[in-house]
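Shown next: model-v8.pdb, given as PDB, C-alpha atoms and all ligand atoms.
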ATOM      1  CA  MET A   1      -1.318-100.209  28.371
ATOM      2  CA  GLU A   2      -3.679 -98.683  30.884
ATOM      3  CA  SER A   3      -7.239 -97.464  30.289
ATOM      4  CA  THR A   4      -8.137 -94.487  32.473
ATOM      5  CA  ASP A   5     -11.368 -92.854  33.659
ATOM      6  CA  ARG A   6     -10.463 -89.631  31.852
ATOM      7  CA  ILE A   7     -12.709 -88.640  28.949
ATOM      8  CA  SER A   8     -12.420 -85.862  26.397
ATOM      9  CA  ALA A   9     -14.130 -84.711  23.213
ATOM     10  CA  GLY A  10     -13.853 -81.986  20.593
ATOM     11  CA  ASN A  11     -10.052 -82.034  20.438
ATOM     12  CA  GLY A  12      -9.841 -81.852  24.237
ATOM     13  CA  GLU A  13     -12.210 -78.869  24.583
ATOM     14  CA  LYS A  14     -14.598 -80.916  26.724
ATOM     15  CA  ARG A  15     -13.032 -82.959  29.537
ATOM     16  CA  ASP A  16     -14.201 -84.932  32.558
ATOM     17  CA  VAL A  17     -13.549 -88.014  34.660
ATOM     18  CA  VAL A  18     -16.042 -90.882  34.418
ATOM     19  CA  ASP A  19     -16.104 -93.370  37.265
ATOM     20  CA  GLY A  20     -15.485 -96.909  36.003
ATOM     21  CA  LYS A  21     -14.821 -96.018  32.368
ATOM     22  CA  GLY A  22     -11.257 -97.406  32.387
ATOM     23  CA  LEU A  23     -12.546-100.733  33.661
ATOM     24  CA  THR A  24     -15.229-100.953  30.981
ATOM     25  CA  ASN A  25     -12.953 -99.927  28.133
ATOM     26  CA  ASN A  26     -10.229-102.357  29.174
ATOM     27  CA  ALA A  27     -12.730-105.243  29.514
ATOM     28  CA  ILE A  28     -14.358-104.576  26.126
ATOM     29  CA  SER A  29     -11.128-103.863  24.286
ATOM     30  CA  THR A  30      -9.492-106.982  25.756
ATOM     31  CA  ALA A  31     -12.464-109.182  24.794
ATOM     32  CA  LEU A  32     -12.449-107.786  21.250
ATOM     33  CA  PHE A  33      -8.683-107.961  20.737
ATOM     34  CA  LYS A  34      -8.769-111.627  21.847
ATOM     35  CA  LEU A  35     -11.564-112.218  19.332
ATOM     36  CA  PHE A  36      -9.637-110.445  16.549
ATOM     37  CA  LYS A  37      -6.542-112.511  17.348
ATOM     38  CA  LYS A  38      -8.615-115.720  17.227
ATOM     39  CA  ASN A  39      -9.836-114.627  13.803
ATOM     40  CA  GLY A  40      -6.352-114.140  12.417
ATOM     41  CA  ILE A  41      -5.931-110.358  12.821
ATOM     42  CA  PRO A  42      -2.446-109.596  14.175
ATOM     43  CA  THR A  43      -2.728-107.280  17.209
ATOM     44  CA  HIS A  44      -0.530-105.738  19.887
ATOM     45  CA  TYR A  45      -2.358-107.693  22.623
ATOM     46  CA  VAL A  46      -0.161-110.065  24.645
ATOM     47  CA  CYS A  47      -2.054-110.870  27.867
ATOM     48  CA  GLU A  48      -4.085-109.372  30.678
ATOM     49  CA  GLY A  49      -2.284-106.861  32.892
ATOM     50  CA  SER A  50      -1.665-106.839  36.648
ATOM     51  CA  ASN A  51      -4.955-105.018  37.332
ATOM     52  CA  GLU A  52      -8.410-104.644  35.781
ATOM     53  CA  PHE A  53      -7.443-101.445  33.953
ATOM     54  CA  SER A  54      -4.465-102.752  32.068
ATOM     55  CA  LYS A  55      -3.168-105.182  29.480
ATOM     56  CA  VAL A  56       0.310-106.128  28.263
ATOM     57  CA  VAL A  57       0.887-105.072  24.654
ATOM     58  CA  ARG A  58       3.681-105.259  22.091
ATOM     59  CA  LYS A  59       5.683-102.106  21.380
ATOM     60  CA  ALA A  60       4.843-100.637  17.985
ATOM     61  CA  GLU A  61       5.722 -97.676  15.808
ATOM     62  CA  MET A  62       2.313 -96.111  15.260
ATOM     63  CA  ILE A  63       1.087 -95.318  11.745
ATOM     64  CA  PRO A  64      -0.435 -91.802  11.933
ATOM     65  CA  LEU A  65      -3.809 -92.771  10.474
ATOM     66  CA  GLU A  66      -7.272 -93.097  11.961
ATOM     67  CA  VAL A  67      -9.110 -95.814  10.077
ATOM     68  CA  ILE A  68     -12.861 -95.331  10.301
ATOM     69  CA  GLY A  69     -15.371 -98.012   9.398
ATOM     70  CA  ARG A  70     -19.061 -97.177   9.056
ATOM     71  CA  PHE A  71     -22.149 -99.390   8.747
ATOM     72  CA  ILE A  72     -24.700 -96.630   9.378
ATOM     73  CA  ALA A  73     -24.552 -92.867   8.800
ATOM     74  CA  ALA A  74     -23.824 -90.904  11.974
ATOM     75  CA  GLY A  75     -21.566 -88.204  13.375
ATOM     76  CA  SER A  76     -19.253 -86.336  11.037
ATOM     77  CA  PHE A  77     -20.415 -88.343   7.999
ATOM     78  CA  CYS A  78     -23.905 -86.836   8.282
ATOM     79  CA  LYS A  79     -22.535 -83.335   8.790
ATOM     80  CA  ARG A  80     -20.106 -83.603   5.874
ATOM     81  CA  TYR A  81     -22.618 -84.855   3.324
ATOM     82  CA  ASN A  82     -25.756 -83.371   4.890
ATOM     83  CA  ILE A  83     -27.604 -86.671   5.208
ATOM     84  CA  PRO A  84     -29.804 -87.855   8.061
ATOM     85  CA  SER A  85     -28.359 -90.013  10.810
ATOM     86  CA  GLY A  86     -29.429 -93.671  10.612
ATOM     87  CA  LYS A  87     -29.061 -94.428   6.892
ATOM     88  CA  VAL A  88     -27.909 -98.058   6.686
ATOM     89  CA  PHE A  89     -25.123 -98.513   4.136
ATOM     90  CA  LYS A  90     -25.235-101.362   1.590
ATOM     91  CA  GLU A  91     -21.652-102.253   2.565
ATOM     92  CA  MET A  92     -19.295-101.114   5.284
ATOM     93  CA  THR A  93     -17.350 -98.004   4.241
ATOM     94  CA  ILE A  94     -13.747 -97.326   5.216
ATOM     95  CA  GLU A  95     -12.192 -93.863   5.481
ATOM     96  CA  PHE A  96      -8.674 -92.802   6.395
ATOM     97  CA  SER A  97      -7.809 -89.629   8.251
ATOM     98  CA  TYR A  98      -4.345 -88.254   8.882
ATOM     99  CA  LYS A  99      -3.803 -88.256  12.652
ATOM    100  CA  ASP A 100      -2.795 -84.715  13.534
ATOM    101  CA  ASP A 101      -4.901 -82.796  16.068
ATOM    102  CA  SER A 102      -3.441 -79.442  14.997
ATOM    103  CA  LEU A 103      -4.821 -80.038  11.480
ATOM    104  CA  GLY A 104      -8.115 -81.486  12.748
ATOM    105  CA  ASP A 105      -7.298 -85.039  11.537
ATOM    106  CA  PRO A 106      -8.095 -84.314   7.853
ATOM    107  CA  PHE A 107      -9.358 -87.083   5.600
ATOM    108  CA  ILE A 108      -6.748 -88.521   3.260
ATOM    109  CA  SER A 109      -6.852 -90.919   0.319
ATOM    110  CA  LYS A 110      -4.773 -94.086   0.240
ATOM    111  CA  THR A 111      -2.583 -92.781  -2.579
ATOM    112  CA  ALA A 112      -2.047 -89.391  -0.872
ATOM    113  CA  ALA A 113      -1.037 -91.257   2.302
ATOM    114  CA  ALA A 114       1.282 -93.604   0.387
ATOM    115  CA  TYR A 115       2.875 -91.305  -2.213
ATOM    116  CA  GLY A 116       2.174 -87.784  -0.916
ATOM    117  CA  LEU A 117       3.037 -88.159   2.768
ATOM    118  CA  ASP A 118       4.996 -91.467   2.654
ATOM    119  CA  ILE A 119       2.991 -92.693   5.650
ATOM    120  CA  ALA A 120       3.087 -96.342   4.556
ATOM    121  CA  SER A 121       3.368 -98.358   1.368
ATOM    122  CA  GLU A 122       0.250 -98.863  -0.747
ATOM    123  CA  GLU A 123       0.439-102.597   0.062
ATOM    124  CA  THR A 124       0.450-101.852   3.809
ATOM    125  CA  LEU A 125      -2.532 -99.515   3.367
ATOM    126  CA  ASP A 126      -4.362-102.253   1.433
ATOM    127  CA  ASP A 127      -3.655-104.640   4.334
ATOM    128  CA  ILE A 128      -4.926-102.033   6.814
ATOM    129  CA  GLU A 129      -8.119-101.628   4.797
ATOM    130  CA  ASN A 130      -8.676-105.381   4.598
ATOM    131  CA  TYR A 131      -8.027-105.832   8.328
ATOM    132  CA  ALA A 132     -10.413-102.942   9.106
ATOM    133  CA  PHE A 133     -13.204-104.663   7.137
ATOM    134  CA  TYR A 134     -12.659-107.922   8.984
ATOM    135  CA  ILE A 135     -12.383-106.173  12.363
ATOM    136  CA  GLY A 136     -15.690-104.437  11.636
ATOM    137  CA  ILE A 137     -17.452-107.726  10.852
ATOM    138  CA  CYS A 138     -16.061-109.448  13.975
ATOM    139  CA  ALA A 139     -16.992-106.496  16.230
ATOM    140  CA  GLN A 140     -20.459-106.212  14.651
ATOM    141  CA  ASP A 141     -21.153-109.891  15.501
ATOM    142  CA  PHE A 142     -19.736-109.446  19.014
ATOM    143  CA  PHE A 143     -22.052-106.534  19.870
ATOM    144  CA  LYS A 144     -25.061-108.058  18.080
ATOM    145  CA  GLU A 145     -25.063-110.827  20.707
ATOM    146  CA  PHE A 146     -25.632-108.131  23.340
ATOM    147  CA  GLY A 147     -28.485-106.519  21.411
ATOM    148  CA  LEU A 148     -26.312-103.613  20.284
ATOM    149  CA  THR A 149     -25.749-102.371  16.733
ATOM    150  CA  LEU A 150     -22.235-101.315  15.775
ATOM    151  CA  VAL A 151     -22.778 -98.069  13.862
ATOM    152  CA  ASP A 152     -19.172 -97.066  13.224
ATOM    153  CA  PHE A 153     -15.691 -97.398  14.712
ATOM    154  CA  LYS A 154     -12.141 -96.080  14.577
ATOM    155  CA  VAL A 155      -9.020 -98.241  14.689
ATOM    156  CA  GLU A 156      -5.294 -97.567  14.561
ATOM    157  CA  PHE A 157      -2.394 -99.699  13.406
ATOM    158  CA  GLY A 158       1.339 -99.830  13.997
ATOM    159  CA  ILE A 159       4.440-101.697  12.987
ATOM    160  CA  ASP A 160       5.650-104.179  15.609
ATOM    161  CA  CYS A 161       9.066-102.862  16.759
ATOM    162  CA  GLU A 162      10.457-106.383  17.076
ATOM    163  CA  THR A 163       9.013-108.255  14.114
ATOM    164  CA  GLY A 164       8.205-105.459  11.628
ATOM    165  CA  GLU A 165       4.694-106.888  11.273
ATOM    166  CA  LEU A 166       1.619-104.698  10.761
ATOM    167  CA  ILE A 167      -0.522-104.991  13.916
ATOM    168  CA  LEU A 168      -3.765-103.565  15.240
ATOM    169  CA  CYS A 169      -2.953-101.263  18.187
ATOM    170  CA  ASP A 170      -4.694 -98.745  20.458
ATOM    171  CA  GLU A 171      -8.172 -99.886  21.565
ATOM    172  CA  PHE A 172     -11.649-100.845  20.401
ATOM    173  CA  SER A 173     -14.008 -99.507  23.022
ATOM    174  CA  PRO A 174     -17.161 -97.429  23.482
ATOM    175  CA  ASP A 175     -14.818 -94.403  23.288
ATOM    176  CA  THR A 176     -13.867 -95.309  19.733
ATOM    177  CA  CYS A 177     -17.093 -96.666  18.278
ATOM    178  CA  ARG A 178     -20.819 -95.968  18.190
ATOM    179  CA  LEU A 179     -23.272 -98.501  19.608
ATOM    180  CA  TRP A 180     -27.051 -98.177  19.424
ATOM    181  CA  ASP A 181     -29.724-100.338  21.009
ATOM    182  CA  LYS A 182     -32.881-101.309  19.073
ATOM    183  CA  ASP A 183     -34.456 -97.933  19.918
ATOM    184  CA  GLY A 184     -31.442 -95.983  18.689
ATOM    185  CA  LYS A 185     -30.248 -95.146  22.220
ATOM    186  CA  SER A 186     -26.480 -94.565  22.378
ATOM    187  CA  TYR A 187     -24.185 -96.727  24.506
ATOM    188  CA  ASP A 188     -20.891 -95.000  23.725
ATOM    189  CA  LYS A 189     -18.987 -91.747  24.040
ATOM    190  CA  ASP A 190     -21.763 -89.830  22.237
ATOM    191  CA  VAL A 191     -23.533 -89.853  25.636
ATOM    192  CA  PHE A 192     -20.675 -87.600  26.819
ATOM    193  CA  ARG A 193     -20.176 -85.676  23.555
ATOM    194  CA  LYS A 194     -23.856 -84.804  23.212
ATOM    195  CA  ASN A 195     -24.946 -84.780  26.899
ATOM    196  CA  LEU A 196     -27.392 -87.647  26.298
ATOM    197  CA  GLY A 197     -27.482 -88.973  29.867
ATOM    198  CA  ASN A 198     -25.407 -90.360  32.712
ATOM    199  CA  VAL A 199     -22.039 -91.318  31.206
ATOM    200  CA  SER A 200     -20.875 -93.465  34.133
ATOM    201  CA  GLU A 201     -24.130 -95.476  34.146
ATOM    202  CA  THR A 202     -23.831 -96.044  30.388
ATOM    203  CA  TYR A 203     -20.312 -97.482  30.711
ATOM    204  CA  LYS A 204     -21.450 -99.555  33.728
ATOM    205  CA  VAL A 205     -24.277-101.115  31.681
ATOM    206  CA  LEU A 206     -21.758-102.031  28.987
ATOM    207  CA  LEU A 207     -19.392-103.591  31.538
ATOM    208  CA  ASP A 208     -22.241-105.676  33.007
ATOM    209  CA  ILE A 209     -23.249-106.880  29.538
ATOM    210  CA  VAL A 210     -19.717-107.989  28.653
ATOM    211  CA  GLN A 211     -18.995-109.583  32.036
ATOM    212  CA  GLU A 212     -22.278-111.497  32.036
ATOM    213  CA  ASN A 213     -21.425-112.959  28.631
ATOM    214  CA  LYS A 214     -17.744-113.668  29.320
TER     215      LYS A 214
HETATM  216  P1  LIG B 301     -17.054 -89.301  13.394
HETATM  217  O1  LIG B 301     -18.436 -89.609  12.922
HETATM  218  O2  LIG B 301     -17.008 -88.203  14.415
HETATM  219  O3  LIG B 301     -16.098 -89.091  12.256
HETATM  220  O4  LIG B 301     -16.529 -90.604  14.170
HETATM  221  C1  LIG B 301     -16.487 -91.850  13.534
HETATM  222  C2  LIG B 301     -16.072 -92.909  14.558
HETATM  223  O5  LIG B 301     -14.740 -92.679  14.977
HETATM  224  C3  LIG B 301     -16.917 -92.910  15.828
HETATM  225  O6  LIG B 301     -17.145 -94.256  16.193
HETATM  226  C4  LIG B 301     -16.072 -92.258  16.867
HETATM  227  C5  LIG B 301     -14.666 -92.542  16.400
HETATM  228  N1  LIG B 301     -13.729 -91.473  16.681
HETATM  229  C6  LIG B 301     -12.677 -91.703  17.559
HETATM  230  O7  LIG B 301     -12.521 -92.782  18.090
HETATM  231  N2  LIG B 301     -11.805 -90.680  17.778
HETATM  232  C7  LIG B 301     -11.929 -89.460  17.206
HETATM  233  O8  LIG B 301     -11.089 -88.574  17.441
HETATM  234  C8  LIG B 301     -13.032 -89.252  16.299
HETATM  235  C9  LIG B 301     -13.228 -87.915  15.644
HETATM  236  C10 LIG B 301     -13.904 -90.277  16.076
END

Same coordinates, now as structure tokens:
Amino acid sequence: MESTDRISAGNGEKRDVVDGKGLTNNAISTALFKLFKKNGIPTHYVCEGSNEFSKVVRKAEMIPLEVIGRFIAAGSFCKRYNIPSGKVFKEMTIEFSYKDDSLGDPFISKTAAAYGLDIASEETLDDIENYAFYIGICAQDFFKEFGLTLVDFKVEFGIDCETGELILCDEFSPDTCRLWDKDGKSYDKDVFRKNLGNVSETYKVLLDIVQENK
């Protein structure tokens, strides 16, 4: 699996190439997937790849769900419920959306996913939810050490083609989560989405932080 320097937002309406992004995303995602594995979360990660952009992963049949965990209100949550960004939740919240760009990835309940669309069994969706909670806690601790607050994140799961096991797939990177410093400054893809500054420099800062603490 290779991380590239390509970046897009708004269903591909906004696109660019960001120098060094692939390197940063691969380094962060690899560090986190190793941490998840150490903490008992089954993942697709096998080992580092032949270059700094890649990793070897297990083949999986992807479950068409985006699983979104939130600690703090931001992004679409604020728009949907008309609340200010920055509200700290009492507990992490988990939402599911049905992964289909042409439909705009609509939100879906566990029972609608299980019994309406036959996406996965209710037991598998319960496992996904439990894993997502644990992933969120692990990632929150990981970024806290670097002085960054994990605001929210998106993860995806699949079924291991060989073993039939539910595994965490895709990536966990600044492209798929929100990270704020103590002043609320973004260190993630929002810098690109919302034109908040130099995107390449932001990803470079993140790479330096992770490499220094390796
Ligand atoms: P949202 O606030 O736009 O719903 O995003 C919630 C989290 O999910 C945020 O960390 C960014 C991430 N995300 C993706 O990784 N891919 C996507 O397509 C979307 C919409 C969000």

Within 9 Å of ligand LIG 301 (chain B): each chain A residue with its shortest pair, all atoms listed in the file, as a tab-separated table:
residue	atom	partner	partner_atom	distance
A:Ala9	CA	B:LIG301	O8	7.6
A:Gly10	CA	B:LIG301	C9	7.7
A:Asn11	CA	B:LIG301	O8	7.3
A:Glu66	CA	B:LIG301	N2	7.8
A:Val67	CA	B:LIG301	O5	8.1
A:Ile68	CA	B:LIG301	O5	5.7
A:Gly69	CA	B:LIG301	C2	7.3
A:Arg70	CA	B:LIG301	C1	7.4
A:Ala73	CA	B:LIG301	O1	8.1
A:Ala74	CA	B:LIG301	O1	5.6
A:Gly75	CA	B:LIG301	O1	3.5
A:Ser76	CA	B:LIG301	O1	3.9
A:Phe77	CA	B:LIG301	O1	5.5
A:Cys78	CA	B:LIG301	O1	7.7
A:Lys79	CA	B:LIG301	O1	8.6
A:Lys99	CA	B:LIG301	O8	8.7
A:Asp101	CA	B:LIG301	O8	8.6
A:Gly104	CA	B:LIG301	C9	8.7
A:Asp105	CA	B:LIG301	C9	7.8
A:Leu150	CA	B:LIG301	O6	8.7
A:Val151	CA	B:LIG301	O6	7.2
A:Asp152	CA	B:LIG301	O6	4.6
A:Phe153	CA	B:LIG301	O6	3.8
A:Lys154	CA	B:LIG301	O5	4.3
A:Val155	CA	B:LIG301	O7	7.3
A:Phe172	CA	B:LIG301	O7	8.4
A:Ser173	CA	B:LIG301	O7	8.5
A:Pro174	CA	B:LIG301	O6	7.9
A:Asp175	CA	B:LIG301	O7	5.9
A:Thr176	CA	B:LIG301	O7	3.3
A:Cys177	CA	B:LIG301	O6	3.2
A:Arg178	CA	B:LIG301	O6	4.5
A:Leu179	CA	B:LIG301	O6	8.2
A:Asp188	CA	B:LIG301	O6	8.4
A:Lys189	CA	B:LIG301	C4	7.8
A:Asp190	CA	B:LIG301	C4	8.2

Output the selection as an mmCIF file, keeping the file's coordinate frame - C-alpha atoms for each residue.
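Okay, part.cif is ready:
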data_model
loop_
_atom_site.group_PDB
_atom_site.id
_atom_site.type_symbol
_atom_site.label_atom_id
_atom_site.label_comp_id
_atom_site.auth_asym_id
_atom_site.auth_seq_id
_atom_site.Cartn_x
_atom_site.Cartn_y
_atom_site.Cartn_z
ATOM 1 C CA ALA A 9 -14.130 -84.711 23.213
ATOM 2 C CA GLY A 10 -13.853 -81.986 20.593
ATOM 3 C CA ASN A 11 -10.052 -82.034 20.438
ATOM 4 C CA GLU A 66 -7.272 -93.097 11.961
ATOM 5 C CA VAL A 67 -9.110 -95.814 10.077
ATOM 6 C CA ILE A 68 -12.861 -95.331 10.301
ATOM 7 C CA GLY A 69 -15.371 -98.012 9.398
ATOM 8 C CA ARG A 70 -19.061 -97.177 9.056
ATOM 9 C CA ALA A 73 -24.552 -92.867 8.800
ATOM 10 C CA ALA A 74 -23.824 -90.904 11.974
ATOM 11 C CA GLY A 75 -21.566 -88.204 13.375
ATOM 12 C CA SER A 76 -19.253 -86.336 11.037
ATOM 13 C CA PHE A 77 -20.415 -88.343 7.999
ATOM 14 C CA CYS A 78 -23.905 -86.836 8.282
ATOM 15 C CA LYS A 79 -22.535 -83.335 8.790
ATOM 16 C CA LYS A 99 -3.803 -88.256 12.652
ATOM 17 C CA ASP A 101 -4.901 -82.796 16.068
ATOM 18 C CA GLY A 104 -8.115 -81.486 12.748
ATOM 19 C CA ASP A 105 -7.298 -85.039 11.537
ATOM 20 C CA LEU A 150 -22.235 -101.315 15.775
ATOM 21 C CA VAL A 151 -22.778 -98.069 13.862
ATOM 22 C CA ASP A 152 -19.172 -97.066 13.224
ATOM 23 C CA PHE A 153 -15.691 -97.398 14.712
ATOM 24 C CA LYS A 154 -12.141 -96.080 14.577
ATOM 25 C CA VAL A 155 -9.020 -98.241 14.689
ATOM 26 C CA PHE A 172 -11.649 -100.845 20.401
ATOM 27 C CA SER A 173 -14.008 -99.507 23.022
ATOM 28 C CA PRO A 174 -17.161 -97.429 23.482
ATOM 29 C CA ASP A 175 -14.818 -94.403 23.288
ATOM 30 C CA THR A 176 -13.867 -95.309 19.733
ATOM 31 C CA CYS A 177 -17.093 -96.666 18.278
ATOM 32 C CA ARG A 178 -20.819 -95.968 18.190
ATOM 33 C CA LEU A 179 -23.272 -98.501 19.608
ATOM 34 C CA ASP A 188 -20.891 -95.000 23.725
ATOM 35 C CA LYS A 189 -18.987 -91.747 24.040
ATOM 36 C CA ASP A 190 -21.763 -89.830 22.237
#

Excluding range 58-63 of chain A and its own-chain neighbours fewer than 2 positions away, which residues fall within 12 Å of it when counting all atoms listed in the file? Please give them as a PDB file with C-alpha atoms, in the frame of the given file.
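Result saved to part.pdb:
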ATOM      1  CA  MET A   1      -1.318-100.209  28.371  1.00  0.00           C
ATOM      2  CA  PRO A  42      -2.446-109.596  14.175  1.00  0.00           C
ATOM      3  CA  THR A  43      -2.728-107.280  17.209  1.00  0.00           C
ATOM      4  CA  HIS A  44      -0.530-105.738  19.887  1.00  0.00           C
ATOM      5  CA  TYR A  45      -2.358-107.693  22.623  1.00  0.00           C
ATOM      6  CA  VAL A  46      -0.161-110.065  24.645  1.00  0.00           C
ATOM      7  CA  CYS A  47      -2.054-110.870  27.867  1.00  0.00           C
ATOM      8  CA  LYS A  55      -3.168-105.182  29.480  1.00  0.00           C
ATOM      9  CA  VAL A  56       0.310-106.128  28.263  1.00  0.00           C
ATOM     10  CA  LEU A  65      -3.809 -92.771  10.474  1.00  0.00           C
ATOM     11  CA  GLU A  66      -7.272 -93.097  11.961  1.00  0.00           C
ATOM     12  CA  VAL A  67      -9.110 -95.814  10.077  1.00  0.00           C
ATOM     13  CA  PHE A  96      -8.674 -92.802   6.395  1.00  0.00           C
ATOM     14  CA  SER A  97      -7.809 -89.629   8.251  1.00  0.00           C
ATOM     15  CA  TYR A  98      -4.345 -88.254   8.882  1.00  0.00           C
ATOM     16  CA  LYS A  99      -3.803 -88.256  12.652  1.00  0.00           C
ATOM     17  CA  ASP A 100      -2.795 -84.715  13.534  1.00  0.00           C
ATOM     18  CA  ALA A 113      -1.037 -91.257   2.302  1.00  0.00           C
ATOM     19  CA  ALA A 114       1.282 -93.604   0.387  1.00  0.00           C
ATOM     20  CA  LEU A 117       3.037 -88.159   2.768  1.00  0.00           C
ATOM     21  CA  ASP A 118       4.996 -91.467   2.654  1.00  0.00           C
ATOM     22  CA  ILE A 119       2.991 -92.693   5.650  1.00  0.00           C
ATOM     23  CA  ALA A 120       3.087 -96.342   4.556  1.00  0.00           C
ATOM     24  CA  SER A 121       3.368 -98.358   1.368  1.00  0.00           C
ATOM     25  CA  THR A 124       0.450-101.852   3.809  1.00  0.00           C
ATOM     26  CA  LEU A 125      -2.532 -99.515   3.367  1.00  0.00           C
ATOM     27  CA  ILE A 128      -4.926-102.033   6.814  1.00  0.00           C
ATOM     28  CA  VAL A 155      -9.020 -98.241  14.689  1.00  0.00           C
ATOM     29  CA  GLU A 156      -5.294 -97.567  14.561  1.00  0.00           C
ATOM     30  CA  PHE A 157      -2.394 -99.699  13.406  1.00  0.00           C
ATOM     31  CA  GLY A 158       1.339 -99.830  13.997  1.00  0.00           C
ATOM     32  CA  ILE A 159       4.440-101.697  12.987  1.00  0.00           C
ATOM     33  CA  ASP A 160       5.650-104.179  15.609  1.00  0.00           C
ATOM     34  CA  CYS A 161       9.066-102.862  16.759  1.00  0.00           C
ATOM     35  CA  GLU A 162      10.457-106.383  17.076  1.00  0.00           C
ATOM     36  CA  THR A 163       9.013-108.255  14.114  1.00  0.00           C
ATOM     37  CA  GLY A 164       8.205-105.459  11.628  1.00  0.00           C
ATOM     38  CA  GLU A 165       4.694-106.888  11.273  1.00  0.00           C
ATOM     39  CA  LEU A 166       1.619-104.698  10.761  1.00  0.00           C
ATOM     40  CA  ILE A 167      -0.522-104.991  13.916  1.00  0.00           C
ATOM     41  CA  LEU A 168      -3.765-103.565  15.240  1.00  0.00           C
ATOM     42  CA  CYS A 169      -2.953-101.263  18.187  1.00  0.00           C
ATOM     43  CA  ASP A 170      -4.694 -98.745  20.458  1.00  0.00           C
TER      44      ASP A 170
END

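The smallest atom-to-atom distance between Asn51 in chain A and any of A:Glu13, A:Glu2, A:Asp19, A:Glu95, using all atoms listed in the file, is found for A:Glu2.
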
Hey, what comes out of the PyMOL selection byres (((chain A and resi 7) around 10) and not hetatm) on this file? Could you write it as a ChimeraX atom specification?
/A:4-6,8-9,12,14-18,21-22,175,189,192-193,199

Box centre and edge lengths (Å, one decimal), axis-aligned, range 136-148 of chain A plus 6 Å each side, as AutoDock Vina command-line options:
--center_x -22.1 --center_y -107.2 --center_z 17.1 --size_x 24.8 --size_y 19.2 --size_z 24.5

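Minimum atom-to-atom distance to Lys34 in chain A, evaluated using only C-alpha atoms, belongs to A:Phe142 out of A:Asp181, A:Phe142, A:Thr149, A:Phe53.
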
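What separates CA of Asn198 in chain A from CA of Pro84 in chain A is a distance of 25.2 Å.
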